[in-house]
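Student: Supplied structure: structure-v6.cif, mmCIF, C-alpha atoms.
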data_run
loop_
_atom_site.label_atom_id
_atom_site.label_comp_id
_atom_site.auth_asym_id
_atom_site.auth_seq_id
_atom_site.Cartn_x
_atom_site.Cartn_y
_atom_site.Cartn_z
CA MET R 608 13.90 -54.98 -6.26
CA ASN R 609 13.18 -54.61 -9.93
CA ARG R 610 10.45 -56.79 -11.31
CA LEU R 611 9.09 -57.19 -14.81
CA LEU R 612 6.12 -59.47 -15.27
CA ILE R 613 4.68 -60.09 -18.73
CA ARG R 614 0.92 -60.40 -18.57
CA LYS R 615 -0.57 -61.69 -21.81
CA LEU R 616 -4.10 -60.83 -22.83
CA ALA R 617 -5.22 -63.70 -25.01
CA ALA R 618 -7.78 -62.71 -27.61
CA THR R 619 -11.13 -64.46 -27.62
CA ALA R 620 -11.70 -66.81 -30.54
CA GLY R 621 -14.77 -66.82 -32.76
CA ALA R 622 -16.77 -64.75 -35.22
CA ALA R 623 -17.92 -61.19 -34.57
CA ALA R 624 -20.98 -59.44 -35.89
CA VAL R 625 -20.74 -55.98 -37.45
CA LEU R 626 -22.73 -53.07 -36.04
CA PRO R 627 -23.30 -49.61 -37.60
CA PHE R 628 -20.27 -47.41 -38.20
CA LEU R 629 -19.58 -43.75 -37.65
CA ALA R 630 -16.86 -41.29 -38.72
CA THR R 631 -13.47 -42.47 -39.92
CA ALA R 632 -10.20 -41.26 -38.37
CA ALA R 633 -6.61 -41.98 -39.30
CA ASN R 634 -4.43 -43.58 -36.66
CA ALA R 635 -1.08 -42.31 -37.87
CA THR R 636 0.55 -39.80 -40.18
CA ALA R 637 2.79 -41.08 -42.94
CA GLY R 638 6.29 -39.73 -43.22
CA ALA R 639 8.91 -39.88 -45.93
CA GLY R 640 11.93 -42.11 -46.26
CA GLY R 641 11.01 -44.78 -43.73
CA PRO R 642 10.96 -48.51 -44.41
CA ALA R 643 7.70 -50.18 -45.33
CA PRO R 644 5.79 -51.71 -42.41
CA ILE R 645 6.29 -55.40 -41.78
CA VAL R 646 3.06 -57.21 -42.61
CA VAL R 647 2.33 -59.84 -39.96
CA PRO R 648 -0.43 -62.43 -39.51
CA ASP R 649 -2.91 -61.97 -36.69
CA SER R 650 -1.32 -64.90 -34.87
CA ALA R 651 1.85 -62.82 -34.48
CA VAL R 652 0.25 -59.99 -32.46
CA THR R 653 -0.92 -61.05 -29.01
CA PRO R 654 -2.13 -58.22 -26.72
CA THR R 655 0.06 -58.14 -23.63
CA THR R 656 0.56 -55.92 -20.58
CA LEU R 657 3.26 -55.48 -17.94
CA ALA R 658 3.77 -54.65 -14.31
CA LEU R 659 7.08 -52.86 -13.77
CA GLY R 660 9.06 -52.15 -10.65
CA GLY R 661 7.47 -52.08 -7.21
CA ALA R 662 7.99 -49.98 -4.10
CA LYS R 663 7.59 -50.34 -0.35
CA VAL R 664 5.38 -47.82 1.41
CA LEU R 665 4.92 -46.82 5.05
CA PRO R 666 2.35 -44.49 6.63
CA THR R 667 4.92 -41.69 6.21
CA THR R 668 5.46 -42.32 2.52
CA ARG R 669 4.57 -39.40 0.28
CA THR R 670 2.52 -40.93 -2.50
CA VAL R 671 -0.98 -41.37 -3.93
CA ALA R 672 -3.89 -41.54 -1.47
CA HIS R 673 -4.28 -45.15 -0.42
CA TRP R 674 -5.43 -47.41 2.38
CA HIS R 675 -4.12 -50.66 3.81
CA GLY R 676 -6.36 -53.63 4.45
CA SER R 677 -6.16 -57.37 4.88
CA ALA R 678 -8.26 -60.43 4.15
CA THR R 679 -7.96 -63.98 5.42
CA ASN R 680 -8.10 -66.62 2.73
CA PRO R 681 -10.10 -69.56 4.14
CA ASN R 682 -8.50 -71.89 1.63
CA ASP R 683 -4.90 -71.59 2.91
CA GLY R 684 -5.58 -69.83 6.24
CA VAL R 685 -3.22 -66.96 5.36
CA THR R 686 -4.08 -63.33 6.06
CA TYR R 687 -2.93 -61.23 3.10
CA GLY R 688 -2.28 -57.51 3.42
CA PHE R 689 -2.79 -55.13 0.54
CA ASN R 690 -2.70 -51.45 -0.42
CA MET R 691 -5.37 -49.91 -2.64
CA VAL R 692 -5.98 -46.40 -3.97
CA GLY R 693 -8.53 -44.16 -2.26
CA ALA R 694 -10.00 -44.31 1.24
CA ASP R 695 -10.93 -47.40 3.22
CA PRO R 696 -14.39 -48.31 1.88
CA SER R 697 -15.67 -48.75 5.44
CA THR R 698 -15.36 -44.97 5.93
CA ASN R 699 -17.74 -44.25 3.01
CA GLU R 700 -15.48 -41.38 1.98
CA SER R 701 -14.86 -40.01 -1.50
CA THR R 702 -11.34 -39.61 -2.86
CA THR R 703 -10.39 -37.64 -5.96
CA ILE R 704 -7.08 -38.38 -7.64
CA THR R 705 -5.64 -35.85 -10.06
CA THR R 706 -4.76 -37.70 -13.23
CA ASP R 707 -2.06 -35.99 -15.28
CA ILE R 708 -2.70 -37.01 -18.87
CA ILE R 709 0.54 -36.66 -20.80
CA PRO R 710 0.09 -37.23 -24.55
CA ILE R 711 3.15 -38.62 -26.29
CA ASN R 712 3.66 -38.09 -30.00
CA VAL R 713 5.83 -40.92 -31.26
CA ALA R 714 7.91 -40.79 -34.45
CA VAL R 715 9.13 -44.15 -35.70
CA GLY R 716 9.92 -45.65 -39.09
CA GLY R 717 8.92 -42.55 -41.04
CA MET R 718 5.47 -42.28 -39.43
CA THR R 719 4.11 -40.38 -36.45
CA PHE R 720 1.58 -41.71 -33.95
CA ASN R 721 0.23 -38.72 -32.08
CA GLY R 722 -1.12 -39.17 -28.58
CA THR R 723 -2.71 -35.75 -29.04
CA ASN R 724 -5.11 -37.37 -31.53
CA VAL R 725 -6.65 -39.57 -28.85
CA VAL R 726 -6.90 -37.11 -25.96
CA THR R 727 -10.47 -36.11 -26.80
CA PRO R 728 -11.85 -39.65 -27.27
CA THR R 729 -10.08 -40.71 -24.08
CA LEU R 730 -11.58 -37.83 -22.09
CA SER R 731 -14.99 -38.62 -23.63
CA SER R 732 -14.71 -42.29 -22.68
CA PRO R 733 -16.10 -44.04 -19.59
CA LEU R 734 -12.69 -43.55 -17.96
CA PHE R 735 -13.46 -39.88 -17.29
CA THR R 736 -17.19 -39.42 -17.94
CA ASN R 737 -20.11 -40.62 -15.86
CA GLN R 738 -21.97 -43.56 -17.36
CA ASP R 739 -24.88 -45.76 -16.36
CA TYR R 740 -23.45 -49.19 -15.51
CA SER R 741 -26.77 -50.80 -14.67
CA SER R 742 -26.57 -52.60 -18.02
CA THR R 743 -24.48 -53.07 -21.15
CA PRO R 744 -25.68 -53.88 -24.68
CA TRP R 745 -22.81 -56.20 -25.69
CA VAL R 746 -20.27 -58.43 -23.98
CA THR R 747 -17.56 -60.88 -24.97
CA SER R 748 -18.90 -64.26 -26.04
CA SER R 749 -17.17 -67.52 -25.13
CA ALA R 750 -18.01 -68.65 -28.65
CA GLY R 751 -16.03 -65.73 -30.03
CA GLY R 752 -16.80 -62.13 -30.91
CA PHE R 753 -19.59 -60.66 -28.83
CA THR R 754 -23.12 -61.40 -27.71
CA ALA R 755 -26.04 -59.56 -26.14
CA GLY R 756 -25.38 -58.07 -22.72
CA GLY R 757 -27.68 -57.41 -19.79
CA THR R 758 -27.48 -56.34 -16.15
CA LEU R 759 -24.02 -55.09 -15.19
CA SER R 760 -23.68 -53.08 -11.95
CA PRO R 761 -27.16 -52.06 -10.70
CA ALA R 762 -25.92 -49.57 -8.09
CA SER R 763 -23.69 -47.56 -10.45
CA THR R 764 -25.87 -45.33 -12.61
CA SER R 765 -23.74 -42.18 -12.94
CA ASN R 766 -20.10 -43.02 -12.35
CA GLN R 767 -16.71 -43.12 -13.97
CA LEU R 768 -15.52 -46.61 -14.88
CA GLU R 769 -13.01 -47.05 -12.05
CA ASP R 770 -15.42 -45.56 -9.51
CA ALA R 771 -18.09 -48.05 -10.59
CA THR R 772 -15.54 -50.86 -10.43
CA MET R 773 -14.42 -50.05 -6.89
CA ARG R 774 -17.96 -49.45 -5.61
CA SER R 775 -19.06 -52.80 -7.01
CA GLN R 776 -15.98 -54.56 -5.64
CA PHE R 777 -16.71 -53.41 -2.09
CA ASN R 778 -20.53 -53.39 -2.36
CA LYS R 779 -20.71 -49.64 -1.75
CA GLY R 780 -23.60 -48.72 -3.99
CA GLY R 781 -25.83 -46.09 -2.39
CA THR R 782 -23.01 -44.75 -0.18
CA ASN R 783 -20.66 -41.78 -0.44
CA TYR R 784 -17.68 -44.03 -1.18
CA HIS R 785 -16.03 -43.03 -4.46
CA VAL R 786 -12.69 -43.15 -6.24
CA ILE R 787 -12.80 -40.36 -8.80
CA LEU R 788 -10.21 -39.42 -11.40
CA ASN R 789 -9.82 -35.72 -12.19
CA PRO R 790 -8.06 -35.43 -15.57
CA VAL R 791 -5.61 -32.60 -16.27
CA VAL R 792 -4.21 -32.59 -19.80
CA HIS R 793 -0.62 -31.42 -20.26
CA ASP R 794 1.34 -30.35 -23.31
CA PRO R 795 2.39 -33.23 -25.54
CA ILE R 796 5.88 -34.66 -25.53
CA THR R 797 7.54 -35.90 -28.70
CA ILE R 798 9.67 -39.03 -28.62
CA ASN R 799 11.75 -39.92 -31.68
CA VAL R 800 12.47 -43.64 -31.71
CA PRO R 801 15.86 -44.70 -33.14
CA ALA R 802 15.74 -47.26 -35.92
CA ASN R 803 17.34 -49.89 -33.69
CA HIS R 804 14.55 -49.53 -31.11
CA GLY R 805 11.39 -49.44 -33.20
CA ILE R 806 9.69 -50.61 -36.38
CA LEU R 807 6.24 -50.55 -37.99
CA LEU R 808 3.84 -53.49 -38.06
CA GLN R 809 0.80 -53.90 -40.29
CA THR R 810 -1.92 -56.48 -39.75
CA ALA R 811 -4.32 -58.06 -42.21
CA ARG R 812 -6.80 -55.17 -42.23
CA GLY R 813 -4.11 -52.68 -43.25
CA VAL R 814 -3.86 -50.97 -39.83
CA VAL R 815 -0.30 -49.92 -38.96
CA ALA R 816 1.10 -49.66 -35.42
CA ALA R 817 4.39 -48.54 -33.95
CA ASP R 818 6.36 -51.40 -32.37
CA ILE R 819 9.00 -50.29 -29.84
CA ASP R 820 11.51 -52.01 -27.56
CA VAL R 821 9.92 -52.24 -24.10
CA GLN R 822 13.11 -51.68 -22.12
CA TRP R 823 13.97 -48.56 -24.13
CA TRP R 824 10.41 -47.23 -23.80
CA ALA R 825 10.24 -47.86 -20.06
CA ALA R 826 13.49 -45.93 -19.62
CA GLN R 827 12.03 -42.94 -21.50
CA LEU R 828 8.98 -42.83 -19.23
CA GLN R 829 11.07 -43.20 -16.08
CA ASN R 830 13.18 -40.26 -17.24
CA LEU R 831 10.01 -38.22 -17.74
CA ASN R 832 8.84 -39.09 -14.24
CA ASN R 833 12.11 -37.73 -12.86
CA SER R 834 12.25 -34.60 -15.02
CA LEU R 835 8.74 -33.20 -15.56
CA GLY R 836 8.24 -30.40 -13.04
CA TYR R 837 4.49 -30.92 -12.67
CA ILE R 838 4.72 -34.62 -11.75
CA ASP R 839 3.33 -34.93 -8.22
CA THR R 840 3.53 -38.14 -6.19
CA THR R 841 -0.08 -37.69 -5.05
CA HIS R 842 -1.21 -37.73 -8.70
CA LEU R 843 -1.49 -40.46 -11.30
CA PRO R 844 0.62 -39.62 -14.36
CA LEU R 845 -1.03 -41.36 -17.31
CA TYR R 846 1.13 -41.47 -20.43
CA LEU R 847 -1.14 -41.69 -23.46
CA THR R 848 -0.18 -42.95 -26.92
CA ASP R 849 -2.06 -43.79 -30.10
CA ASN R 850 -1.62 -47.34 -31.43
CA VAL R 851 1.89 -47.74 -30.01
CA MET R 852 2.85 -51.29 -29.09
CA LEU R 853 5.97 -52.63 -27.39
CA TYR R 854 8.01 -55.76 -27.97
CA GLY R 855 10.10 -57.77 -25.54
CA GLY R 856 13.13 -60.00 -25.71
CA ASN R 857 14.88 -57.79 -28.29
CA ASP R 858 12.59 -59.32 -30.92
CA PRO R 859 10.36 -56.82 -32.79
CA LEU R 860 8.04 -59.66 -33.75
CA ASN R 861 7.48 -60.53 -30.07
CA CYS R 862 4.52 -58.14 -30.01
CA CYS R 863 2.40 -56.57 -28.54
CA ILE R 864 2.58 -54.95 -25.08
CA ILE R 865 -0.23 -52.39 -24.95
CA GLY R 866 0.17 -50.97 -21.44
CA PHE R 867 1.86 -51.15 -18.05
CA HIS R 868 1.66 -49.64 -14.60
CA SER R 869 4.49 -49.12 -12.16
CA ALA R 870 5.69 -47.60 -8.90
CA SER R 871 9.14 -46.30 -8.05
CA GLU R 872 10.96 -43.78 -5.94
CA VAL R 873 11.56 -40.46 -7.64
CA ASN R 874 15.02 -39.80 -6.26
CA GLY R 875 16.95 -41.38 -9.09
CA HIS R 876 17.06 -44.95 -7.82
CA GLY R 877 15.01 -46.16 -10.78
CA LEU R 878 12.23 -48.68 -11.17
CA GLY R 879 11.36 -50.48 -7.98
CA SER R 880 14.09 -49.14 -5.70
CA THR R 881 13.42 -49.37 -1.96
CA HIS R 882 16.62 -47.75 -0.73
CA SER R 883 14.92 -45.39 1.73
CA ASN R 884 12.96 -48.09 3.59
CA GLY R 885 9.61 -46.72 2.48
CA ASN R 886 10.09 -43.09 3.48
CA ALA R 887 10.85 -41.61 0.08
CA LYS R 888 8.38 -40.07 -2.33
CA VAL R 889 6.88 -42.95 -4.29
CA GLN R 890 5.51 -42.24 -7.74
CA THR R 891 2.83 -44.48 -9.20
CA TYR R 892 2.17 -44.12 -12.91
CA ALA R 893 0.76 -45.88 -15.94
CA TRP R 894 1.12 -45.98 -19.69
CA GLY R 895 -1.59 -47.21 -22.00
CA SER R 896 -2.14 -47.10 -25.73
CA TYR R 897 -5.44 -46.20 -27.32
CA ILE R 898 -5.91 -49.08 -29.76
CA THR R 899 -7.09 -48.52 -33.33
CA PRO R 900 -10.00 -50.82 -34.23
CA GLY R 901 -8.82 -53.47 -36.65
CA PHE R 902 -5.20 -53.74 -35.61
CA PHE R 903 -6.15 -56.83 -33.62
CA ASN R 904 -8.50 -59.26 -35.32
CA PRO R 905 -12.07 -58.30 -34.36
CA ARG R 906 -13.17 -61.90 -34.81
CA THR R 907 -10.75 -63.17 -32.18
CA GLY R 908 -10.36 -60.12 -29.94
CA TRP R 909 -13.51 -58.03 -30.17
CA ALA R 910 -12.89 -56.10 -26.92
CA VAL R 911 -9.21 -55.32 -27.60
CA GLN R 912 -9.69 -51.84 -29.03
CA ASP R 913 -9.92 -48.16 -27.98
CA ILE R 914 -9.66 -47.88 -24.13
CA HIS R 915 -9.20 -51.60 -23.41
CA ALA R 916 -5.55 -51.26 -22.36
CA LEU R 917 -6.17 -48.02 -20.46
CA SER R 918 -9.03 -49.54 -18.45
CA HIS R 919 -6.84 -52.56 -17.65
CA GLU R 920 -3.97 -50.45 -16.34
CA ILE R 921 -6.06 -47.98 -14.35
CA SER R 922 -7.91 -50.80 -12.59
CA GLU R 923 -4.69 -52.65 -11.78
CA TRP R 924 -3.12 -49.40 -10.54
CA ALA R 925 -6.10 -48.82 -8.21
CA ASP R 926 -6.03 -52.34 -6.72
CA ASP R 927 -2.24 -52.73 -6.68
CA PRO R 928 -0.72 -49.23 -6.85
CA PHE R 929 2.72 -50.20 -5.57
CA VAL R 930 2.96 -53.47 -7.54
CA ASN R 931 3.44 -55.56 -4.40
CA ASN R 932 0.05 -57.02 -3.45
CA THR R 933 0.38 -60.80 -3.34
CA VAL R 934 -2.26 -63.52 -3.04
CA GLN R 935 -2.48 -67.29 -2.97
CA PRO R 936 -1.35 -68.43 -6.44
CA TRP R 937 -4.17 -68.86 -8.91
CA LEU R 938 -4.60 -70.62 -12.22
CA THR R 939 -7.34 -70.15 -14.80
CA PRO R 940 -7.98 -71.71 -18.21
CA THR R 941 -8.70 -68.25 -19.62
CA ALA R 942 -5.08 -67.28 -18.96
CA PRO R 943 -3.00 -70.46 -19.23
CA GLN R 944 0.06 -68.50 -20.31
CA TYR R 945 0.51 -67.23 -16.75
CA GLY R 946 0.80 -70.69 -15.29
CA CYS R 947 0.56 -70.48 -11.50
CA THR R 948 0.86 -66.84 -10.41
CA GLY R 949 0.45 -65.10 -7.05
CA VAL R 950 -0.21 -61.43 -7.84
CA LEU R 951 -3.33 -59.31 -7.31
CA GLU R 952 -3.51 -57.87 -10.81
CA THR R 953 -7.18 -57.45 -11.59
CA GLY R 954 -6.99 -57.53 -15.38
CA ASP R 955 -4.82 -60.60 -15.83
CA PRO R 956 -7.31 -63.43 -15.22
CA VAL R 957 -9.95 -61.89 -17.51
CA VAL R 958 -7.68 -61.71 -20.54
CA GLY R 959 -9.38 -59.88 -23.43
CA ILE R 960 -12.87 -60.13 -21.90
CA GLY R 961 -14.87 -56.90 -22.06
CA PHE R 962 -18.14 -55.09 -22.62
CA ALA R 963 -19.58 -52.17 -24.57
CA LYS R 964 -20.23 -48.83 -22.90
CA GLY R 965 -20.68 -45.20 -23.91
CA SER R 966 -20.82 -43.69 -27.36
CA ASN R 967 -17.62 -43.66 -29.41
CA THR R 968 -17.41 -41.64 -32.62
CA PHE R 969 -13.61 -41.85 -33.07
CA GLU R 970 -12.03 -44.19 -35.63
CA GLN R 971 -15.32 -45.94 -36.29
CA GLY R 972 -15.11 -46.14 -40.08
CA PRO R 973 -13.62 -48.87 -42.25
CA THR R 974 -9.99 -49.93 -41.89
CA PRO R 975 -7.53 -49.17 -44.72
CA ASN R 976 -8.47 -52.39 -46.54
CA GLY R 977 -12.19 -51.59 -46.28
CA THR R 978 -13.04 -53.96 -43.45
CA GLN R 979 -15.61 -52.55 -41.05
CA VAL R 980 -14.66 -53.58 -37.53
CA ALA R 981 -15.85 -50.96 -35.02
CA ASP R 982 -19.30 -50.76 -33.43
CA GLY R 983 -19.77 -47.24 -32.03
CA PHE R 984 -18.96 -48.12 -28.39
CA TYR R 985 -15.99 -48.07 -26.04
CA HIS R 986 -14.68 -51.45 -24.91
CA PRO R 987 -13.54 -51.51 -21.26
CA GLU R 988 -12.05 -54.72 -19.95
CA ASP R 989 -13.78 -56.77 -17.27
CA GLU R 990 -11.92 -56.67 -13.93
CA VAL R 991 -11.58 -59.34 -11.25
CA PHE R 992 -12.44 -58.40 -7.66
CA MET R 993 -10.39 -59.07 -4.55
CA PRO R 994 -12.80 -61.76 -3.17
CA TRP R 995 -11.97 -63.95 -6.19
CA PHE R 996 -8.28 -63.88 -5.33
CA MET R 997 -8.95 -64.34 -1.59
CA ARG R 998 -11.27 -67.35 -2.13
CA LEU R 999 -14.12 -65.69 -0.25
CA SER R 1000 -17.46 -67.47 -0.60
CA PRO R 1001 -19.97 -66.04 -0.89
CA SER R 1002 -18.39 -62.94 -2.38
CA PRO R 1003 -19.08 -59.79 -0.34
CA SER R 1004 -19.01 -57.73 -3.54
CA GLU R 1005 -22.13 -56.31 -5.19
CA THR R 1006 -24.71 -59.05 -5.87
CA GLY R 1007 -22.17 -61.68 -4.85
CA ARG R 1008 -20.11 -61.17 -7.99
CA TYR R 1009 -16.42 -61.90 -8.53
CA THR R 1010 -15.87 -59.55 -11.48
CA LEU R 1011 -17.39 -56.29 -12.66
CA MET R 1012 -19.27 -58.14 -15.40
CA GLY R 1013 -20.59 -60.70 -12.93
CA ASN R 1014 -22.80 -63.24 -14.67
CA LEU R 1015 -22.17 -61.51 -17.99
CA ASN R 1016 -18.64 -62.87 -17.93
CA PRO R 1017 -19.18 -66.03 -20.01
CA TYR R 1018 -16.60 -68.22 -18.25
CA PRO R 1019 -17.64 -70.35 -15.24
CA GLY R 1020 -14.29 -69.80 -13.51
CA PHE R 1021 -15.39 -66.28 -12.58
CA LYS R 1022 -18.66 -67.28 -10.96
CA ALA R 1023 -16.73 -68.88 -8.08
CA PRO R 1024 -13.47 -68.14 -6.26
CA ALA R 1025 -10.11 -68.66 -7.92
CA THR R 1026 -8.80 -72.16 -8.45
CA GLY R 1027 -5.46 -72.91 -6.82
CA CYS R 1028 -2.53 -74.70 -8.35
#
Please rewrite the model in this file as structure tokens.
Tutor:
Amino acid sequence: MNRLLIRKLAATAGAAAVLPFLATAANATAGAGGPAPIVVPDSAVTPTTLALGGAKVLPTTRTVAHWHGSATNPNDGVTYGFNMVGADPSTNESTTITTDIIPINVAVGGMTFNGTNVVTPTLSSPLFTNQDYSSTPWVTSSAGGFTAGGTLSPASTSNQLEDATMRSQFNKGGTNYHVILNPVVHDPITINVPANHGILLQTARGVVAADIDVQWWAAQLQNLNNSLGYIDTTHLPLYLTDNVMLYGGNDPLNCCIIGFHSASEVNGHGLGSTHSNGNAKVQTYAWGSYITPGFFNPRTGWAVQDIHALSHEISEWADDPFVNNTVQPWLTPTAPQYGCTGVLETGDPVVGIGFAKGSNTFEQGPTPNGTQVADGFYHPEDEVFMPWFMRLSPSPSETGRYTLMGNLNPYPGFKAPATGC
């Protein structure tokens, strides 16, 4: 069954401080003959993500390494099953997933947005390098912008971001349990976007982004999944773009989708087909856009830059690889646009909430209009842990936390289990 769920990441309101800046980098290359970008107010560009498709799996399914578990929710008495990437944490085993990074160079509206430009900063980010997660210098503030950080994940001192997230989620610090991503970079692919499927948008700081029809874009990636000879169902294909956004509803001003993850059979059935009763090869994959600082207003969405979308999609892929893990419906004031929803998508409740980590020297100079918005760090998103969804109290995660940021998440709704609806 095909499924398309729009998951909006509401930006945090308030003022942001400005930290020191580093080297400047351009986010796109101007072309000739294209129409001028449409200048839009910040209120017109809301960061959004998607979950596409969905696939059944059985023990015989040929797909990414995963395990099946269950948890009983004491609130409704229901035992929920789920699939997650890696090995069962109780085994204390380490799993390495080959991550095929596929840069996409996008030509639209007379400009090019080259995924090749952001390969190096992505590889240098916490997604693929080991970092010390015992603390973070800055976190999202409920008053807007950011504020001083503190203790993050004490047991993760030399880990990739997703490894630290999973170890904290299952309280596996000090063990041999790991979920490690091994990046393999492939040759770039160029996609030329027809005029009726893409435009250019420019926000108040002069930063320009590509804006492409989501249905058209999803079809291009599905075609790549089915045609690229090196795509392996045990790998994670990660399609990487630079400041490419998507729009829905056939309205280019209905922006901006910044990433999605999906699962589908690879035998031509398309997104979410389950025609072979779980015995086919099932391909999980993700697309995320590296976000140029200043496209989104840094005073209302400090964390929505650089790897924010990529961290969101990788975490959701790891906790819900086949886009079919369901939970008791939850509701949170930090994500009112979802209403009452019953999916285990770890990034959705913590919309736009993040922290600073690592050292980022890419695109850290002033924006085209001279505004200085970057701060020399990467900005991963916070991620909600399974115990929050399952209403487990106390949480069995590291230090009793319900999200990776724990007490550094400024909203009280994440210091206790999810609220029902």
Student: Using all atoms listed in the file, can you tell me which of R:Thr797, R:His842, R:Thr1010, R:Met718 comes closest to Pro644 of chain R?
Tutor: R:Met718
Student: Pull out every residue that the PyMOL selection byres ((chain R and resi 810-813) around 6) matches in the shown coordinates and put them as a PyMOL selection string.
Tutor: chain R and resi 646-647+809+814+902+975-976
Student: Using C-alpha atoms, can you write the selected residues to a file as a PDB file, keeping the file's coordinate frame?
Tutor:
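Saved the output as out_29.pdb:
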ATOM      1  CA  VAL R 646       3.060 -57.210 -42.610  1.00  0.00           C
ATOM      2  CA  VAL R 647       2.330 -59.840 -39.960  1.00  0.00           C
ATOM      3  CA  GLN R 809       0.800 -53.900 -40.290  1.00  0.00           C
ATOM      4  CA  VAL R 814      -3.860 -50.970 -39.830  1.00  0.00           C
ATOM      5  CA  PHE R 902      -5.200 -53.740 -35.610  1.00  0.00           C
ATOM      6  CA  PRO R 975      -7.530 -49.170 -44.720  1.00  0.00           C
ATOM      7  CA  ASN R 976      -8.470 -52.390 -46.540  1.00  0.00           C
TER       8      ASN R 976
END
Student: I need the residue nearest Gly965 of chain R from this list: R:Val725, R:Ala887, R:Leu835, R:Ile914. Use all atoms listed in the file for the distance.
Tutor: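 Checking each candidate against Gly965 of chain R, we get R:Ile914 as the closest.
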Student: Evaluate the PyMOL selection byres ((chain R and resi 680) around 10) on the structure here and hand back the selected residues as number ranges by chain.
Tutor: R: 677-679, 681-687, 934-935, 994, 996-1000
Student: Atom CA of Phe992 of chain R and atom CA of Gln776 of chain R, how far apart in Å?
Tutor: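 Distance between the two atoms: 5.6 Å.
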Student: Which residues would end up in the selection if the PyMOL selection byres ((chain R and resi 689) around 6) were applied here, given that I need the answer as a PyMOL selection string?
Tutor: chain R and resi 675-677+688+690+932
Student: Given the choices R:Tyr945, R:Trp745, R:Tyr837, R:Trp909, which gets closest to Lys964 of chain R if the distance is worked out from all atoms listed in the file?
Tutor: R:Trp745
Student: Taking only C-alpha atoms into account, which of R:Thr933, R:Leu808, R:Gly693, R:Ala981 comes nearest Met773 of chain R?
Tutor: R:Gly693
Student: Identify, on the basis of only C-alpha atoms, every residue whose closest approach to Ile819 of chain R does not exceed 6 Å; exclude the query and any residue fewer than 2 positions from it along the same chain; express the result as an MDAnalysis selection string.
Tutor: chainID R and resid 804:805 853:854
Student: Tell me, in Å to one decimal, how far atom CA of Lys779 of chain R is from atom CA of Pro761 of chain R.
Tutor: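 Interatomic distance here is 11.3 Å.
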Student: Could you please give me, as a JSON list (two decimals) with C-alpha atoms, in the coordinates of the input, the residues of protein, DNA or RNA lying at most 6 Å from (13.0, -58.4, -28.5) in the coordinate frame of the file, considering all atoms listed in the file?
Tutor:
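Saved the output as selection_14.json:
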[["chain", "number", "residue", "atom", "x", "y", "z"],
["R", 854, "TYR", "CA", 8.01, -55.76, -27.97],
["R", 855, "GLY", "CA", 10.10, -57.77, -25.54],
["R", 856, "GLY", "CA", 13.13, -60.00, -25.71],
["R", 857, "ASN", "CA", 14.88, -57.79, -28.29],
["R", 858, "ASP", "CA", 12.59, -59.32, -30.92],
["R", 859, "PRO", "CA", 10.36, -56.82, -32.79]]
Student: Given all atoms listed in the file as the basis, pick out the residue of R:Ser918, R:Ser834, R:Gln979, R:Thr656 nearest to Gln767 of chain R.
Tutor: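 Among R:Ser918, R:Ser834, R:Gln979, R:Thr656, it is R:Ser918 that comes nearest to Gln767 of chain R.
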Student: Atom CA of Ser742 of chain R and atom CA of Gly757 of chain R are how many Å apart?
Tutor: 5.2 Å
Student: Taking (-20.4, -50.6, -7.9) in the file's coordinates, which residues come within 9 Å, counting all atoms listed in the file, written as number ranges by chain?
Tutor: R: 740, 760-764, 766, 770-781, 1004-1005, 1011
Student: Nearest residue to Thr705 of chain R out of R:Leu845, R:Ala643, R:Leu828, R:Val664, using only C-alpha atoms?
Tutor: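 Nearest candidate to Thr705 of chain R out of R:Leu845, R:Ala643, R:Leu828, R:Val664: R:Leu845.
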Student: Taking 6 positions as the minimum chain separation for residues in the same chain, which residues sit within 10 Å of Ser732 of chain R when counting all atoms listed in the file? Answer as a count of residues only.
Tutor: 14
Student: Quick one: residues within 12 Å of Asn724 of chain R, only C-alpha atoms counted, chain neighbours fewer than 2 positions away excluded, as a list in words?
Tutor: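 Close residues of Asn724 of chain R: Ala632, Ala633, Asn634, Ala635, Thr636, Pro710, Ile711, Asn712, Val713, Thr719, Phe720, Asn721, Gly722, Val726, Thr727, Pro728, Thr729, Leu730, Pro795, Leu847, Thr848, Asp849, Asn850, Ser896, Tyr897, Ile898, Thr899, Phe969 and Glu970 of chain R.
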Student: Using all atoms listed in the file, which residues sit within 9 Å of Tyr1009 of chain R once same-chain residues fewer than 6 positions away are excluded, as a list in words?
Tutor: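 Skipping anything fewer than 6 positions along the chain leaves Gln776, Glu990, Val991, Phe992, Met993, Pro994, Trp995, Phe996, Ser1002, Pro1003, Phe1021, Lys1022, Ala1023 and Pro1024 of chain R.
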